[in-house]
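K.L.:
First the structure, then my questions, so here it is.
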Amino acid sequence: MSSNRKLKISILRYDPHIKDDKARMEVFEVDEAPGMTLYIVLNDIRKHMDNSLKFDFVCRAGICGSCAMLINGSPGLACSALTSKMDSDITLAPLPTFELIGDLSIFTGNWMRGLNEHLETWIHTESDKDFNILEEVMEPELAEEIYELDRCIECGCCVAGCGTMQMNENFLGAVGINKIARYQLDPRDKRDDEDYYELVGDADGVFGCMTLLGCEDVCPKNLPLQSKIAYLRRKMLQIGK
Ligand code: SF4
Ligand code: SF4
Ligand code: FES
């Protein structure tokens with residue numbers, strides 16, 4: 001079954017590495033096909049109309065987080081966005097906040113790496129690793145809760161959709177707060193609440209969040225960001241007192 005729609009794809013083009021390049025909207029017309037995603041549209045444009053178009057993808061399955069962009073003004077994953085669910089006029093732009101490589105391609109890697117190094121997002125333990133003994137037992141419900149938060153794919157959508165982030169570039173964002181919520185749950189991590197307070201107990205962390213919840217609305221993995229931010233804020237308030 002074929003669709004008769006013609007899609008009008010307007011893309012914000014700009015490459016900061018090309019001398020004197022000017023930001024502009026360029027419009028491409030694409031014949032819609034059944035099951036078409038924006039990833040397929042962009043590939044089509046690059047293959048048949050303009051091979052200089054820059055955008056990112058790796059997995060094409062909503063797992064790697066690299067195809068995040070502004071879709072009609074809202075952060076989302078191009079590989080998961082079905083054109084059949086959209087109007088035929090579609091506008092695409094790169095996610096704000098992150099370093100622009102060119103057109104729709106951004107570099108989230110250095111931002112996320114800085115965040116992970118700052119928050120030390122690894123298990124802090126005193127015990128030596130002994131690969132001959134069985135790993136510590138964890139209640140399945142707790143393991144499930146940790147796994148739920150571990151599903152973050154570092155796509156940057158929550159960062160791009162966050163009003164606080166636009167005003168405070170040091171803000172950790174929902175992605176950072178979610179990571180701390182994940183380690184705070186984990187009994188193998190020997191950091192205590194005071195240690196976590198040092199990391200997120202200020203205006204760059206949980207107390208900077210304005211709770212408008214743009215982050216949860218745009219998170220493509222549907223992480224429970226709202227409840228985790230609220231929980232951590234209550235916890236940090238107790239420690240602060
Ligand atoms: S709830 Fe907090 S972290 Fe989420 S978008 Fe709003 S200010 Fe940003
Ligand atoms: S919390 Fe959600 S929106 Fe934010 S980086 Fe992780 S997966 Fe993306
Ligand atoms: S290409 Fe991996 S999430 Fe879209």
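So you can find residues: chains in the structure tokens are A, B, ... in the order shown, residues in each start at 1, and ligands are numbered from 1 in order.
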Write out as an MDAnalysis selection string all residues of segment 32-213 of chain A that DSSP puts in strand (DSSP E) for this structure's backbone.
P.N.:
chainID A and resid 68:71 74:77 89:93 99:102 105:107
K.L.:
Using the chain letters and numbers from this document, which residues of chain A does DSSP assign to alpha helix (DSSP H), as an MDAnalysis selection string?
P.N.:
chainID A and resid 38:48 109:119 140:150 157:160 163:167 173:185 193:200 214:218 225:240
K.L.:
Selection from above, C-alpha atoms, as an mmCIF file, in the first residue's frame, can you write it?
P.N.:
data_model
loop_
_atom_site.group_PDB
_atom_site.id
_atom_site.type_symbol
_atom_site.label_atom_id
_atom_site.label_comp_id
_atom_site.auth_asym_id
_atom_site.auth_seq_id
_atom_site.Cartn_x
_atom_site.Cartn_y
_atom_site.Cartn_z
ATOM 1 C CA LEU A 38 12.360 10.602 9.405
ATOM 2 C CA TYR A 39 15.563 8.629 9.281
ATOM 3 C CA ILE A 40 14.448 7.127 5.938
ATOM 4 C CA VAL A 41 13.407 10.593 4.714
ATOM 5 C CA LEU A 42 16.813 12.058 5.553
ATOM 6 C CA ASN A 43 18.630 9.169 3.924
ATOM 7 C CA ASP A 44 16.481 9.641 0.835
ATOM 8 C CA ILE A 45 17.362 13.322 0.679
ATOM 9 C CA ARG A 46 21.052 12.635 1.156
ATOM 10 C CA LYS A 47 21.065 9.859 -1.438
ATOM 11 C CA HIS A 48 18.971 11.492 -4.154
ATOM 12 C CA GLY A 109 29.572 12.992 23.371
ATOM 13 C CA ASN A 110 31.787 15.600 25.041
ATOM 14 C CA TRP A 111 28.835 17.053 27.013
ATOM 15 C CA MET A 112 27.735 13.622 28.260
ATOM 16 C CA ARG A 113 31.313 12.623 29.040
ATOM 17 C CA GLY A 114 31.807 15.788 31.104
ATOM 18 C CA LEU A 115 28.567 15.033 32.966
ATOM 19 C CA ASN A 116 29.549 11.430 33.676
ATOM 20 C CA GLU A 117 33.017 12.436 34.877
ATOM 21 C CA HIS A 118 31.607 15.169 37.100
ATOM 22 C CA LEU A 119 28.997 12.850 38.665
ATOM 23 C CA PRO A 140 14.604 -8.521 41.763
ATOM 24 C CA GLU A 141 12.321 -5.518 42.427
ATOM 25 C CA LEU A 142 15.335 -3.334 43.200
ATOM 26 C CA ALA A 143 17.291 -4.646 40.202
ATOM 27 C CA GLU A 144 14.255 -3.827 38.057
ATOM 28 C CA GLU A 145 14.054 -0.303 39.477
ATOM 29 C CA ILE A 146 17.731 0.318 38.742
ATOM 30 C CA TYR A 147 17.409 -1.167 35.276
ATOM 31 C CA GLU A 148 14.479 1.150 34.576
ATOM 32 C CA LEU A 149 16.710 4.198 35.149
ATOM 33 C CA ASP A 150 19.653 2.614 33.322
ATOM 34 C CA CYS A 157 16.356 15.341 24.282
ATOM 35 C CA CYS A 158 15.688 16.206 27.938
ATOM 36 C CA VAL A 159 18.597 18.653 27.923
ATOM 37 C CA ALA A 160 17.335 20.379 24.774
ATOM 38 C CA GLY A 163 14.139 25.707 30.213
ATOM 39 C CA THR A 164 16.613 25.790 33.123
ATOM 40 C CA MET A 165 19.362 24.496 30.862
ATOM 41 C CA GLN A 166 18.866 27.467 28.537
ATOM 42 C CA MET A 167 19.513 29.820 31.474
ATOM 43 C CA GLY A 173 19.674 18.383 33.469
ATOM 44 C CA ALA A 174 17.228 15.561 33.968
ATOM 45 C CA VAL A 175 19.772 13.162 32.487
ATOM 46 C CA GLY A 176 22.278 13.982 35.271
ATOM 47 C CA ILE A 177 19.683 13.894 38.054
ATOM 48 C CA ASN A 178 18.390 10.566 36.740
ATOM 49 C CA LYS A 179 21.903 9.128 36.847
ATOM 50 C CA ILE A 180 22.357 10.109 40.490
ATOM 51 C CA ALA A 181 18.933 8.649 41.331
ATOM 52 C CA ARG A 182 20.155 5.412 39.746
ATOM 53 C CA TYR A 183 23.396 5.221 41.800
ATOM 54 C CA GLN A 184 21.665 6.337 44.985
ATOM 55 C CA LEU A 185 19.407 3.284 44.657
ATOM 56 C CA ASP A 193 23.543 10.793 50.894
ATOM 57 C CA GLU A 194 26.010 13.513 51.952
ATOM 58 C CA ASP A 195 28.226 12.549 49.010
ATOM 59 C CA TYR A 196 25.262 12.815 46.661
ATOM 60 C CA TYR A 197 24.301 16.134 48.241
ATOM 61 C CA GLU A 198 27.735 17.464 47.257
ATOM 62 C CA LEU A 199 26.971 16.506 43.663
ATOM 63 C CA VAL A 200 23.354 17.561 43.178
ATOM 64 C CA GLY A 214 9.566 19.369 29.601
ATOM 65 C CA CYS A 215 12.175 16.643 30.102
ATOM 66 C CA GLU A 216 9.714 13.865 30.846
ATOM 67 C CA ASP A 217 7.434 14.945 27.997
ATOM 68 C CA VAL A 218 10.205 14.540 25.426
ATOM 69 C CA LEU A 225 12.103 11.698 35.392
ATOM 70 C CA GLN A 226 9.373 13.578 37.250
ATOM 71 C CA SER A 227 9.199 11.188 40.189
ATOM 72 C CA LYS A 228 12.982 10.770 40.380
ATOM 73 C CA ILE A 229 13.634 14.525 40.433
ATOM 74 C CA ALA A 230 10.948 14.992 43.125
ATOM 75 C CA TYR A 231 12.298 12.075 45.193
ATOM 76 C CA LEU A 232 15.893 13.278 45.031
ATOM 77 C CA ARG A 233 14.882 16.844 45.835
ATOM 78 C CA ARG A 234 13.034 15.693 48.972
ATOM 79 C CA LYS A 235 16.004 13.559 49.979
ATOM 80 C CA MET A 236 18.516 16.379 49.430
ATOM 81 C CA LEU A 237 16.284 18.796 51.347
ATOM 82 C CA GLN A 238 16.410 16.475 54.368
ATOM 83 C CA ILE A 239 20.213 16.253 54.146
ATOM 84 C CA GLY A 240 20.521 20.025 53.682
#
K.L.:
Taking into account only C-alpha atoms and all ligand atoms, which residue in the set A:Asn132, A:Ser10, A:Asn168, A:Ser52 is nearest to ligand 1?
P.N.:
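Distance minimum relative to ligand 1 lands on A:Asn168.
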K.L.:
For Leu53 of chain A, which residue among A:Glu26, A:Asp20, A:Asp128, A:Asp202 is the nearest when counting only C-alpha atoms?
P.N.:
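Counting only C-alpha atoms, the residue closest to Leu53 of chain A is A:Glu26.
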K.L.:
Between A:Gly102, A:Gly201, A:Pro34, A:Gly62, which has the minimum distance to Leu82 of chain A (counting only C-alpha atoms)?
P.N.:
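Closest to Leu82 of chain A of all the choices is A:Pro34.
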K.L.:
Please, what distance in Å, to one decimal, runs between atom CA of Glu29 of chain A and atom CA of Ile90 of chain A?
P.N.:
10.4 Å
K.L.:
Quick check, in Å to one decimal: how far apart do atom CA of Pro75 of chain A and atom CA of Lys6 of chain A lie?
P.N.:
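According to the coordinates, atom CA of Pro75 of chain A and atom CA of Lys6 of chain A are separated by 23.3 Å.
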K.L.:
By how many Å are atom CA of Lys8 of chain A and atom CA of Val58 of chain A apart?
P.N.:
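One can read the atom CA of Lys8 of chain A to atom CA of Val58 of chain A distance as 24.7 Å.
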K.L.:
All residues within 12 Å of ligand 3 are required, counting only C-alpha atoms and all ligand atoms; please report them as a PyMOL selection string.
P.N.:
chain A and resi 37-40+42-43+55-69+76-81+105+152-157+219-221
K.L.:
Applying 8 Å and only C-alpha atoms, which residues near Tyr14 of chain A remain after dropping the ones on its own chain fewer than 4 positions away? List them as an mmCIF file with C-alpha atoms, in the first residue's frame.
P.N.:
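Final file, around-v9.cif:
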data_model
loop_
_atom_site.group_PDB
_atom_site.id
_atom_site.type_symbol
_atom_site.label_atom_id
_atom_site.label_comp_id
_atom_site.auth_asym_id
_atom_site.auth_seq_id
_atom_site.Cartn_x
_atom_site.Cartn_y
_atom_site.Cartn_z
ATOM 1 C CA ASP A 21 28.282 29.821 5.738
ATOM 2 C CA LYS A 22 24.881 31.318 6.563
ATOM 3 C CA ALA A 23 22.062 29.642 8.484
ATOM 4 C CA ARG A 24 19.106 29.048 6.168
ATOM 5 C CA GLY A 102 26.732 20.859 10.871
ATOM 6 C CA ASP A 103 23.070 20.869 9.780
#
K.L.:
Have a look at A:Gly208, A:Glu169, A:Phe28, A:Leu95 and name the one nearest to ligand 1; count only C-alpha atoms and all ligand atoms.
P.N.:
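Smallest separation from ligand 1 among the options: A:Gly208.
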